[in-house]
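Just protein36.pdb here, PDB, C-alpha atoms:
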```pdb
ATOM      1  CA  MET A   1      91.987 105.185  78.356
ATOM      2  CA  LYS A   2      88.687 104.900  76.504
ATOM      3  CA  VAL A   3      87.017 101.489  76.821
ATOM      4  CA  ILE A   4      84.431 100.523  74.202
ATOM      5  CA  SER A   5      82.557  97.346  73.342
ATOM      6  CA  GLY A   6      83.046  96.362  69.728
ATOM      7  CA  ILE A   7      84.957  97.934  66.861
ATOM      8  CA  GLU A   8      81.725  99.330  65.421
ATOM      9  CA  ALA A   9      81.549 101.715  68.407
ATOM     10  CA  TYR A  10      84.979 103.200  67.665
ATOM     11  CA  ASP A  11      84.656 106.852  66.656
ATOM     12  CA  GLY A  12      88.254 108.096  66.717
ATOM     13  CA  ASN A  13      89.522 110.084  63.754
ATOM     14  CA  ARG A  14      93.303 110.089  64.281
ATOM     15  CA  LYS A  15      95.849 107.692  62.887
ATOM     16  CA  THR A  16      96.353 104.651  65.104
ATOM     17  CA  ALA A  17      98.830 101.978  66.108
ATOM     18  CA  VAL A  18      96.853  98.764  66.531
ATOM     19  CA  THR A  19      97.441  95.353  68.074
ATOM     20  CA  LEU A  20      94.870  92.579  68.281
ATOM     21  CA  GLY A  21      94.539  89.389  70.325
ATOM     22  CA  LYS A  22      92.919  87.728  73.339
ATOM     23  CA  PHE A  23      95.522  89.138  75.734
ATOM     24  CA  ASP A  24      94.517  86.681  78.444
ATOM     25  CA  GLY A  25      96.874  87.335  81.336
ATOM     26  CA  LEU A  26      98.831  90.075  79.552
ATOM     27  CA  HIS A  27     101.948  87.932  79.945
ATOM     28  CA  ARG A  28     105.485  88.854  78.878
ATOM     29  CA  GLY A  29     104.790  87.862  75.273
ATOM     30  CA  HIS A  30     101.781  90.163  75.161
ATOM     31  CA  GLN A  31     103.828  92.884  76.787
ATOM     32  CA  LYS A  32     106.279  92.867  73.851
ATOM     33  CA  LEU A  33     103.399  93.627  71.484
ATOM     34  CA  LEU A  34     101.996  96.318  73.733
ATOM     35  CA  GLU A  35     105.324  98.065  74.245
ATOM     36  CA  LYS A  36     105.766  98.327  70.473
ATOM     37  CA  VAL A  37     102.272  99.730  70.004
ATOM     38  CA  PHE A  38     102.723 102.246  72.795
ATOM     39  CA  SER A  39     105.995 103.400  71.233
ATOM     40  CA  TYR A  40     104.018 104.756  68.272
ATOM     41  CA  SER A  41     101.567 106.701  70.441
ATOM     42  CA  GLY A  42     101.824 110.481  70.206
ATOM     43  CA  ASP A  43     102.507 112.948  67.397
ATOM     44  CA  GLY A  44      99.037 112.501  65.961
ATOM     45  CA  CYS A  45      98.859 108.730  66.488
ATOM     46  CA  GLU A  46      96.819 106.940  69.147
ATOM     47  CA  SER A  47      97.347 103.425  70.461
ATOM     48  CA  VAL A  48      94.538 100.876  70.117
ATOM     49  CA  VAL A  49      94.407  97.500  71.850
ATOM     50  CA  CYS A  50      91.677  95.305  70.372
ATOM     51  CA  ALA A  51      91.113  92.486  72.859
ATOM     52  CA  PHE A  52      88.875  89.606  71.842
ATOM     53  CA  ASP A  53      86.435  87.924  74.201
ATOM     54  CA  MET A  54      87.908  85.635  76.835
ATOM     55  CA  HIS A  55      85.983  82.432  77.449
ATOM     56  CA  ARG A  56      86.102  79.825  80.180
ATOM     57  CA  ASP A  57      89.186  79.262  82.312
ATOM     58  CA  SER A  58      90.771  82.684  81.969
ATOM     59  CA  LEU A  59      93.917  83.946  83.650
ATOM     60  CA  MET A  60      92.433  87.422  83.813
ATOM     61  CA  THR A  61      88.944  88.868  84.183
ATOM     62  CA  VAL A  62      87.763  91.707  81.981
ATOM     63  CA  ARG A  63      88.056  94.073  84.957
ATOM     64  CA  GLU A  64      91.614  92.945  85.687
ATOM     65  CA  ARG A  65      92.626  93.416  82.053
ATOM     66  CA  ARG A  66      91.208  96.925  82.109
ATOM     67  CA  ALA A  67      93.105  97.703  85.306
ATOM     68  CA  HIS A  68      96.401  96.434  83.861
ATOM     69  CA  LEU A  69      95.993  98.530  80.703
ATOM     70  CA  SER A  70      94.661 101.667  82.384
ATOM     71  CA  GLY A  71      96.845 104.672  81.639
ATOM     72  CA  LYS A  72      98.898 102.764  79.068
ATOM     73  CA  THR A  73      96.769 102.738  75.917
ATOM     74  CA  ASP A  74      94.498 105.386  74.386
ATOM     75  CA  TRP A  75      91.802 102.896  73.385
ATOM     76  CA  LEU A  76      90.798  99.452  74.640
ATOM     77  CA  ILE A  77      88.293  97.783  72.332
ATOM     78  CA  GLU A  78      86.655  94.721  73.880
ATOM     79  CA  GLN A  79      85.562  92.800  70.797
ATOM     80  CA  PRO A  80      82.894  90.084  71.070
ATOM     81  CA  LEU A  81      83.601  87.125  68.810
ATOM     82  CA  SER A  82      80.216  87.357  67.080
ATOM     83  CA  GLY A  83      79.177  85.392  64.013
ATOM     84  CA  ASP A  84      79.357  88.436  61.751
ATOM     85  CA  PHE A  85      82.810  89.338  62.979
ATOM     86  CA  MET A  86      84.145  85.803  62.635
ATOM     87  CA  SER A  87      82.696  85.354  59.140
ATOM     88  CA  MET A  88      84.266  88.516  57.660
ATOM     89  CA  GLU A  89      86.699  87.748  54.880
ATOM     90  CA  ALA A  90      90.310  88.578  55.764
ATOM     91  CA  GLU A  91      90.722  91.073  52.908
ATOM     92  CA  ALA A  92      87.511  92.860  53.921
ATOM     93  CA  PHE A  93      88.739  93.041  57.524
ATOM     94  CA  ILE A  94      91.907  94.814  56.390
ATOM     95  CA  GLU A  95      90.032  97.348  54.258
ATOM     96  CA  GLU A  96      86.840  97.926  56.251
ATOM     97  CA  VAL A  97      88.124  97.568  59.823
ATOM     98  CA  LEU A  98      91.840  98.292  59.944
ATOM     99  CA  TYR A  99      91.988 100.915  57.179
ATOM    100  CA  LYS A 100      88.585 102.640  57.074
ATOM    101  CA  LYS A 101      87.397 102.231  60.672
ATOM    102  CA  LEU A 102      90.559 102.277  62.789
ATOM    103  CA  HIS A 103      92.708 104.437  60.456
ATOM    104  CA  ALA A 104      95.657 102.138  61.155
ATOM    105  CA  ALA A 105      99.082 103.587  60.438
ATOM    106  CA  HIS A 106     100.951 100.844  62.327
ATOM    107  CA  LEU A 107      99.971  97.218  62.948
ATOM    108  CA  VAL A 108     101.732  95.135  65.582
ATOM    109  CA  VAL A 109     101.034  91.375  65.612
ATOM    110  CA  GLY A 110     102.617  88.136  66.712
ATOM    111  CA  THR A 111     104.066  85.569  64.342
ATOM    112  CA  ASP A 112     101.024  83.280  64.757
ATOM    113  CA  PHE A 113      98.339  85.977  64.412
ATOM    114  CA  ASN A 114      95.348  84.882  62.307
ATOM    115  CA  PHE A 115      92.146  86.685  61.408
ATOM    116  CA  GLY A 116      89.142  86.584  59.109
ATOM    117  CA  ARG A 117      86.900  83.807  57.898
ATOM    118  CA  GLY A 118      88.568  80.438  58.230
ATOM    119  CA  ARG A 119      91.531  82.217  59.854
ATOM    120  CA  ARG A 120      92.892  82.888  56.363
ATOM    121  CA  GLY A 121      94.483  86.178  57.298
ATOM    122  CA  ASN A 122      97.956  86.250  58.809
ATOM    123  CA  ALA A 123     100.971  88.515  59.219
ATOM    124  CA  ARG A 124     102.105  87.810  55.654
ATOM    125  CA  MET A 125      98.767  88.982  54.264
ATOM    126  CA  LEU A 126      98.922  92.160  56.350
ATOM    127  CA  GLU A 127     102.344  92.884  54.898
ATOM    128  CA  SER A 128     101.133  92.306  51.332
ATOM    129  CA  PHE A 129      98.478  95.021  51.706
ATOM    130  CA  ALA A 130     100.705  97.512  53.565
ATOM    131  CA  ASP A 131     101.548  99.697  50.577
ATOM    132  CA  ARG A 132      97.951  99.806  49.332
ATOM    133  CA  TYR A 133      96.555 101.041  52.651
ATOM    134  CA  GLY A 134      99.553 102.989  53.914
ATOM    135  CA  TYR A 135     100.378 101.199  57.149
ATOM    136  CA  THR A 136     103.491  99.549  58.557
ATOM    137  CA  VAL A 137     103.572  96.037  60.011
ATOM    138  CA  ASP A 138     105.678  94.892  62.966
ATOM    139  CA  VAL A 139     105.717  91.109  63.361
ATOM    140  CA  VAL A 140     106.961  90.450  66.892
ATOM    141  CA  ASP A 141     108.723  87.185  67.705
ATOM    142  CA  LYS A 142     107.487  85.035  70.553
ATOM    143  CA  GLU A 143     108.929  85.681  73.997
ATOM    144  CA  ARG A 144     110.602  82.629  75.541
ATOM    145  CA  TYR A 145     111.431  81.521  79.054
ATOM    146  CA  LEU A 146     114.310  79.037  79.391
ATOM    147  CA  GLY A 147     113.832  78.160  75.727
ATOM    148  CA  THR A 148     110.065  77.590  75.866
ATOM    149  CA  VAL A 149     107.576  79.931  74.194
ATOM    150  CA  ILE A 150     105.508  81.857  76.742
ATOM    151  CA  SER A 151     101.797  81.314  76.223
ATOM    152  CA  SER A 152      98.573  81.418  78.220
ATOM    153  CA  THR A 153      98.461  77.611  78.043
ATOM    154  CA  TYR A 154     101.969  77.354  79.522
ATOM    155  CA  ILE A 155     100.921  79.607  82.410
ATOM    156  CA  LYS A 156      97.717  77.645  83.015
ATOM    157  CA  ASP A 157      99.737  74.419  83.176
ATOM    158  CA  ALA A 158     102.062  75.996  85.751
ATOM    159  CA  LEU A 159      99.116  77.112  87.880
ATOM    160  CA  ALA A 160      97.541  73.659  87.664
ATOM    161  CA  GLN A 161     100.727  72.314  89.278
ATOM    162  CA  GLY A 162     100.732  75.030  91.933
ATOM    163  CA  ASP A 163     103.939  76.454  90.470
ATOM    164  CA  VAL A 164     103.063  80.096  91.052
ATOM    165  CA  LYS A 165     106.726  81.102  90.918
ATOM    166  CA  LEU A 166     106.941  79.843  87.330
ATOM    167  CA  ALA A 167     103.643  81.559  86.536
ATOM    168  CA  GLU A 168     105.070  84.820  87.870
ATOM    169  CA  ALA A 169     108.200  84.420  85.731
ATOM    170  CA  LEU A 170     106.021  83.942  82.634
ATOM    171  CA  LEU A 171     103.571  86.712  83.419
ATOM    172  CA  GLY A 172     106.118  89.241  84.584
ATOM    173  CA  TYR A 173     104.093  89.878  87.740
ATOM    174  CA  PRO A 174     102.570  87.693  90.501
ATOM    175  CA  TYR A 175      99.395  85.815  89.628
ATOM    176  CA  GLU A 176      96.576  87.512  91.492
ATOM    177  CA  LEU A 177      92.913  87.400  92.384
ATOM    178  CA  THR A 178      90.655  90.354  93.158
ATOM    179  CA  GLY A 179      87.311  90.020  94.905
ATOM    180  CA  VAL A 180      85.009  91.252  97.633
ATOM    181  CA  VAL A 181      85.424  89.791 101.124
ATOM    182  CA  ARG A 182      82.333  87.724 101.900
ATOM    183  CA  HIS A 183      80.944  86.438 105.175
ATOM    184  CA  GLY A 184      81.617  82.763 105.799
ATOM    185  CA  LYS A 185      80.944  80.428 108.699
ATOM    186  CA  GLN A 186      83.537  82.318 110.781
ATOM    187  CA  LEU A 187      85.090  79.015 111.834
ATOM    188  CA  GLY A 188      88.546  80.544 111.690
ATOM    189  CA  ARG A 189      87.537  83.215 114.177
ATOM    190  CA  THR A 190      86.298  80.605 116.659
ATOM    191  CA  LEU A 191      89.565  78.694 116.262
ATOM    192  CA  GLY A 192      91.644  81.792 116.945
ATOM    193  CA  PHE A 193      92.722  82.821 113.438
ATOM    194  CA  PRO A 194      90.131  85.049 111.713
ATOM    195  CA  THR A 195      90.235  84.749 107.935
ATOM    196  CA  MET A 196      88.840  86.502 104.861
ATOM    197  CA  ASN A 197      86.952  84.699 102.106
ATOM    198  CA  ILE A 198      87.327  85.887  98.511
ATOM    199  CA  GLU A 199      85.189  84.280  95.817
ATOM    200  CA  PRO A 200      86.689  84.465  92.307
ATOM    201  CA  GLU A 201      84.599  85.334  89.271
ATOM    202  CA  GLU A 202      83.131  82.281  87.550
ATOM    203  CA  HIS A 203      85.723  81.864  84.797
ATOM    204  CA  LYS A 204      88.775  83.053  86.729
ATOM    205  CA  ILE A 205      91.350  80.301  87.220
ATOM    206  CA  LEU A 206      92.417  79.394  90.737
ATOM    207  CA  PRO A 207      95.816  77.734  91.012
ATOM    208  CA  ARG A 208      96.081  74.166  92.238
ATOM    209  CA  PHE A 209      93.942  73.796  95.344
ATOM    210  CA  GLY A 210      96.197  74.191  98.320
ATOM    211  CA  VAL A 211      97.936  76.513 100.764
ATOM    212  CA  TYR A 212     100.031  79.446  99.566
ATOM    213  CA  ALA A 213     102.064  82.306 100.913
ATOM    214  CA  CYS A 214     100.251  85.400  99.647
ATOM    215  CA  ARG A 215     100.424  89.146  99.563
ATOM    216  CA  VAL A 216      97.103  90.904 100.135
ATOM    217  CA  LYS A 217      96.205  94.514  99.371
ATOM    218  CA  ILE A 218      93.550  96.083 101.577
ATOM    219  CA  ASP A 219      92.698  99.790 101.300
ATOM    220  CA  GLY A 220      95.862 100.376  99.279
ATOM    221  CA  THR A 221      98.223  98.708 101.792
ATOM    222  CA  TRP A 222      99.978  95.395 101.179
ATOM    223  CA  TYR A 223     100.072  92.758 103.930
ATOM    224  CA  ASN A 224     101.706  89.356 104.215
ATOM    225  CA  ALA A 225      99.283  86.444 104.385
ATOM    226  CA  VAL A 226      98.818  82.701 104.085
ATOM    227  CA  GLY A 227      95.821  81.394 102.207
ATOM    228  CA  ASN A 228      93.984  78.276 101.106
ATOM    229  CA  ALA A 229      92.685  78.146  97.551
ATOM    230  CA  GLY A 230      90.011  75.523  97.122
ATOM    231  CA  ILE A 231      86.692  74.268  98.455
ATOM    232  CA  LYS A 232      87.419  73.749 102.184
ATOM    233  CA  PRO A 233      86.450  70.034 102.131
ATOM    234  CA  THR A 234      86.887  69.510 105.877
ATOM    235  CA  VAL A 235      84.112  71.928 106.855
ATOM    236  CA  THR A 236      81.731  72.037 103.867
ATOM    237  CA  ASP A 237      80.383  69.993 100.957
ATOM    238  CA  GLU A 238      79.352  73.059  98.933
ATOM    239  CA  GLN A 239      82.112  72.713  96.281
ATOM    240  CA  ARG A 240      82.312  76.519  96.297
ATOM    241  CA  ARG A 241      85.672  77.843  95.099
ATOM    242  CA  LEU A 242      87.219  80.311  97.528
ATOM    243  CA  LEU A 243      90.506  81.818  98.533
ATOM    244  CA  GLU A 244      90.546  81.971 102.334
ATOM    245  CA  VAL A 245      93.389  84.101 103.699
ATOM    246  CA  TYR A 246      94.780  84.837 107.118
ATOM    247  CA  VAL A 247      96.404  88.277 106.989
ATOM    248  CA  TYR A 248      99.303  88.936 109.353
ATOM    249  CA  GLY A 249      99.030  92.176 111.293
ATOM    250  CA  TYR A 250      95.634  93.261 109.977
ATOM    251  CA  GLU A 251      93.122  94.125 112.689
ATOM    252  CA  GLY A 252      90.403  95.972 110.763
ATOM    253  CA  ASP A 253      87.048  94.836 109.410
ATOM    254  CA  ALA A 254      87.446  93.885 105.735
ATOM    255  CA  TYR A 255      83.932  92.570 105.108
ATOM    256  CA  GLY A 256      82.482  94.088 101.971
ATOM    257  CA  LYS A 257      85.832  95.477 100.841
ATOM    258  CA  GLU A 258      87.427  94.629  97.519
ATOM    259  CA  ILE A 259      90.894  93.209  98.087
ATOM    260  CA  THR A 260      93.609  91.763  95.866
ATOM    261  CA  ALA A 261      95.613  88.655  96.734
ATOM    262  CA  GLN A 262      98.852  87.682  94.992
ATOM    263  CA  PHE A 263     100.149  84.102  95.084
ATOM    264  CA  CYS A 264     103.815  83.956  96.143
ATOM    265  CA  ASP A 265     104.659  80.338  96.971
ATOM    266  CA  PHE A 266     102.992  76.917  97.219
ATOM    267  CA  GLU A 267     103.200  75.057 100.522
ATOM    268  CA  ARG A 268     100.938  71.989 100.308
ATOM    269  CA  PRO A 269      97.822  70.665  98.533
ATOM    270  CA  GLU A 270      94.369  71.134  99.998
ATOM    271  CA  THR A 271      93.460  68.214 102.281
ATOM    272  CA  LYS A 272      90.254  66.896 103.785
ATOM    273  CA  PHE A 273      91.113  66.311 107.440
ATOM    274  CA  GLY A 274      89.374  63.872 109.744
ATOM    275  CA  SER A 275      88.320  66.463 112.296
ATOM    276  CA  VAL A 276      88.193  70.180 112.986
ATOM    277  CA  GLU A 277      90.939  69.678 115.569
ATOM    278  CA  GLU A 278      93.222  68.122 112.950
ATOM    279  CA  LEU A 279      92.370  71.017 110.642
ATOM    280  CA  LYS A 280      93.342  73.502 113.351
ATOM    281  CA  GLU A 281      96.702  71.785 113.922
ATOM    282  CA  ASN A 282      97.544  71.978 110.227
ATOM    283  CA  VAL A 283      96.399  75.581 109.894
ATOM    284  CA  MET A 284      98.742  76.489 112.747
ATOM    285  CA  ARG A 285     101.578  74.813 110.790
ATOM    286  CA  ASP A 286     100.524  76.788 107.709
ATOM    287  CA  MET A 287     100.687  80.016 109.680
ATOM    288  CA  ARG A 288     104.203  79.185 110.893
ATOM    289  CA  TYR A 289     105.163  78.403 107.286
ATOM    290  CA  GLY A 290     103.942  81.862 106.281
ATOM    291  CA  GLU A 291     105.912  83.471 109.106
ATOM    292  CA  ARG A 292     109.090  81.698 107.955
ATOM    293  CA  TYR A 293     108.479  82.581 104.319
ATOM    294  CA  PHE A 294     108.065  86.287 105.042
ATOM    295  CA  GLY A 295     110.609  86.384 107.863
ATOM    296  CA  LEU A 296     108.066  87.494 110.456
TER     297      LEU A 296
END
```
Just dump the structure as structure tokens.
Amino acid sequence: MKVISGIEAYDGNRKTAVTLGKFDGLHRGHQKLLEKVFSYSGDGCESVVCAFDMHRDSLMTVRERRAHLSGKTDWLIEQPLSGDFMSMEAEAFIEEVLYKKLHAAHLVVGTDFNFGRGRRGNARMLESFADRYGYTVDVVDKERYLGTVISSTYIKDALAQGDVKLAEALLGYPYELTGVVRHGKQLGRTLGFPTMNIEPEEHKILPRFGVYACRVKIDGTWYNAVGNAGIKPTVTDEQRRLLEVYVYGYEGDAYGKEITAQFCDFERPETKFGSVEELKENVMRDMRYGERYFGL
């Protein structure tokens, strides 16, 4: 997979199958678009995923999106939503970008896809220019879950409630967080349950602050874990967002390692306890909850 920043940097010369969108989370609706695009890849045609900038409160970091698409598409174009790009007339975008620059032979878009200045362009416009520029257009219907359209907003609402099982059903995979294990105050170690602290990237969404059953990947191996997503109000006033996990059966030193944590189930909301002793009692309950959840 070739990753480039901006359509202007694209230098391919083969026919392409193109899809465009924010692709925040790469949920099951996005996956329908991608599967159609990938089906055209080969026999002189390359797949192109043009992913627009993600802003605040994202389900997926740029690195995570790259990892999810690695080995699946020929090109990933990360397109900044610059003034020049946003002000391009829709007709000019079709001719100058899709036809002349990307050599599009197949376009795959959702029913609500809009583009160009004032968002004038849509799937109907793409279809009206298909014969002139020699491409096909696939307009893919929205994916639904129990009758409701799957969207990034729907997933964010689920995470805000701590409903990570619903989020997984909408995404098609467990919601996850990747980060480097940082040194903390090592309070857990002194209390008898050493933990790992993972700090999410600035715009990465954490689910509802609270305790979760998790799966954690360290050095390529998955472990069962229980973790607290939040700000640890009992022991600090820093307001620093962290996922603090206790990993069952792991005895190595993970400091400085990049690990991935997946959220499996919500146990309880984060609580500010009256004392460290009360905190310890509740953490022990959390650990027993994790043992029951994973059948340990």
For this session: List the neighbours of A:Ala160 out to 10 Å using all atoms listed in the file; skip same-chain residues closer than 5 positions along the sequence, and give me the result as an MDAnalysis selection string.
Result: chainID A and resid 154:155 205:209
For this session: Might you pull out every residue within 7 Å of A:Ile7, with only C-alpha atoms counted and same-chain residues fewer than 2 positions away left off, and present them as a VMD selection string?
Result: chain A and resid 5 9 to 10 77 79
Could you write out that same residue set with C-alpha atoms as a CSV table (one decimal), in the coordinates of the input?
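Final file, selection.csv:
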```csv
chain,number,residue,atom,x,y,z
A,5,SER,CA,82.6,97.3,73.3
A,9,ALA,CA,81.5,101.7,68.4
A,10,TYR,CA,85.0,103.2,67.7
A,77,ILE,CA,88.3,97.8,72.3
A,79,GLN,CA,85.6,92.8,70.8
```
Exercise. What residues have an atom no more than 6 Å from (104.6, 88.6, 61.4) in the file's own frame, counting all atoms listed in the file, and can you write them as an MDAnalysis selection string?
Worked result: chainID A and resid 110:111 123 139
For this session: Please evaluate the PyMOL selection byres ((chain A and resi 86) around 9) against the structure above and give the resulting residues as a ChimeraX atom specification.
Result: /A:81-85,87-89,115-119
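Residues of protein, DNA or RNA having at least one counted atom within 12 Å of (108.9, 81.7, 77.0), given all atoms listed in the file, are His27, Arg28, Gly29, His30, Lys32, Asp141, Lys142, Glu143, Arg144, Tyr145, Leu146, Gly147, Thr148, Val149, Ile150, Ser151, Ser152, Thr153, Tyr154, Ile155, Leu166, Ala167, Glu168, Ala169, Leu170, Leu171 and Gly172 of chain A.
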For this session: List the residues matched by the PyMOL selection byres ((chain A and resi 40-50) around 6) in the displayed structure as JSON, numbers by chain, ordered by chain and then by residue number.
Result: {"A": [15, 16, 17, 18, 19, 20, 37, 38, 39, 51, 73, 74, 75, 76, 77]}
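What the PyMOL selection byres ((chain A and resi 254) around 8) grabs from this file is Val181, Met196, Ile218, Gly252, Asp253, Tyr255, Gly256 and Lys257 of chain A.
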Adding 5 Å on each side of the box along x, y and z that holds all listed atoms of stretch 104-116 of chain A, could you give its centre and edge lengths in Å to one decimal, as lines of an AutoDock Vina configuration file?
```
center_x = 96.6
center_y = 93.4
center_z = 62.9
size_x = 24.9
size_y = 30.3
size_z = 17.6
```
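Distances from A:Gly249, A:Pro194, A:Gly162, A:Gly121 to A:Gly230 were compared using only C-alpha atoms, and the smallest one belongs to A:Gly162.
The shortest atom-to-atom distance to A:Asp24, with only C-alpha atoms taken into account, belongs to A:Lys204 out of A:Met1, A:Tyr289, A:Lys204, A:Val137.
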Seminar exercise, completed: Residue with the minimum atom-to-atom distance to A:Glu91, picked from A:Gln161, A:Asn13, A:Ser128, A:Ser275 with all atoms listed in the file counted, is A:Ser128
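In this model, the gap between atom CA of A:Val108 and atom CA of A:Gly25 comes to 18.2 Å.
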Seminar exercise, completed: Counting all atoms listed in the file, closest pick from A:Glu95, A:Glu244, A:Asp157, A:Asp265 relative to A:Ile198 is A:Glu244
For this session: Quick one: pull the distance between atom CA of A:Pro200 and atom CA of A:Leu33, Å, one decimal.
Result: 28.2 Å
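Distances here use only C-alpha atoms; by that measure, the residue among A:Phe113, A:Tyr175, A:Trp222, A:Tyr212 closest to A:Gln262 is A:Tyr175.
Minimum distance to A:Thr195 across A:Val283, A:Glu8, A:Val247, A:Val211 (counting all atoms listed in the file) occurs at A:Val247.
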Where atoms are absent from stretch 142-154 of chain A, fill them in so it carries N, CA, C and O atoms, then output it as a short mmCIF file (atom, residue, chain, number, x, y, z; two decimals), keeping the file's coordinate frame.
```
data_model
loop_
_atom_site.label_atom_id
_atom_site.label_comp_id
_atom_site.auth_asym_id
_atom_site.auth_seq_id
_atom_site.Cartn_x
_atom_site.Cartn_y
_atom_site.Cartn_z
N LYS A 142 107.96 85.53 69.27
CA LYS A 142 107.49 85.04 70.55
C LYS A 142 108.53 85.28 71.65
O LYS A 142 109.74 85.16 71.41
N GLU A 143 108.06 85.60 72.83
CA GLU A 143 108.93 85.68 74.00
C GLU A 143 109.10 84.27 74.56
O GLU A 143 108.15 83.48 74.61
N ARG A 144 110.32 83.95 75.00
CA ARG A 144 110.60 82.63 75.54
C ARG A 144 111.11 82.72 76.97
O ARG A 144 111.70 83.72 77.38
N TYR A 145 110.88 81.65 77.70
CA TYR A 145 111.43 81.52 79.05
C TYR A 145 112.16 80.19 79.13
O TYR A 145 111.55 79.12 78.94
N LEU A 146 113.46 80.23 79.35
CA LEU A 146 114.31 79.04 79.39
C LEU A 146 114.08 78.18 78.15
O LEU A 146 113.99 76.94 78.22
N GLY A 147 113.94 78.86 77.00
CA GLY A 147 113.83 78.16 75.73
C GLY A 147 112.43 77.78 75.31
O GLY A 147 112.22 77.33 74.18
N THR A 148 111.44 77.96 76.18
CA THR A 148 110.06 77.59 75.87
C THR A 148 109.23 78.84 75.60
O THR A 148 109.33 79.82 76.35
N VAL A 149 108.42 78.79 74.54
CA VAL A 149 107.58 79.93 74.19
C VAL A 149 106.57 80.20 75.32
O VAL A 149 105.90 79.29 75.81
N ILE A 150 106.48 81.46 75.73
CA ILE A 150 105.51 81.86 76.74
C ILE A 150 104.13 81.94 76.10
O ILE A 150 103.94 82.59 75.07
N SER A 151 103.17 81.29 76.72
CA SER A 151 101.80 81.31 76.22
C SER A 151 100.84 81.22 77.41
O SER A 151 101.23 80.83 78.51
N SER A 152 99.58 81.55 77.17
CA SER A 152 98.57 81.42 78.22
C SER A 152 98.44 79.97 78.65
O SER A 152 98.25 79.68 79.84
N THR A 153 98.56 79.03 77.71
CA THR A 153 98.46 77.61 78.04
C THR A 153 99.60 77.18 78.96
O THR A 153 99.40 76.43 79.93
N TYR A 154 100.81 77.66 78.68
CA TYR A 154 101.97 77.35 79.52
C TYR A 154 101.73 77.85 80.95
O TYR A 154 102.01 77.14 81.94
#
```
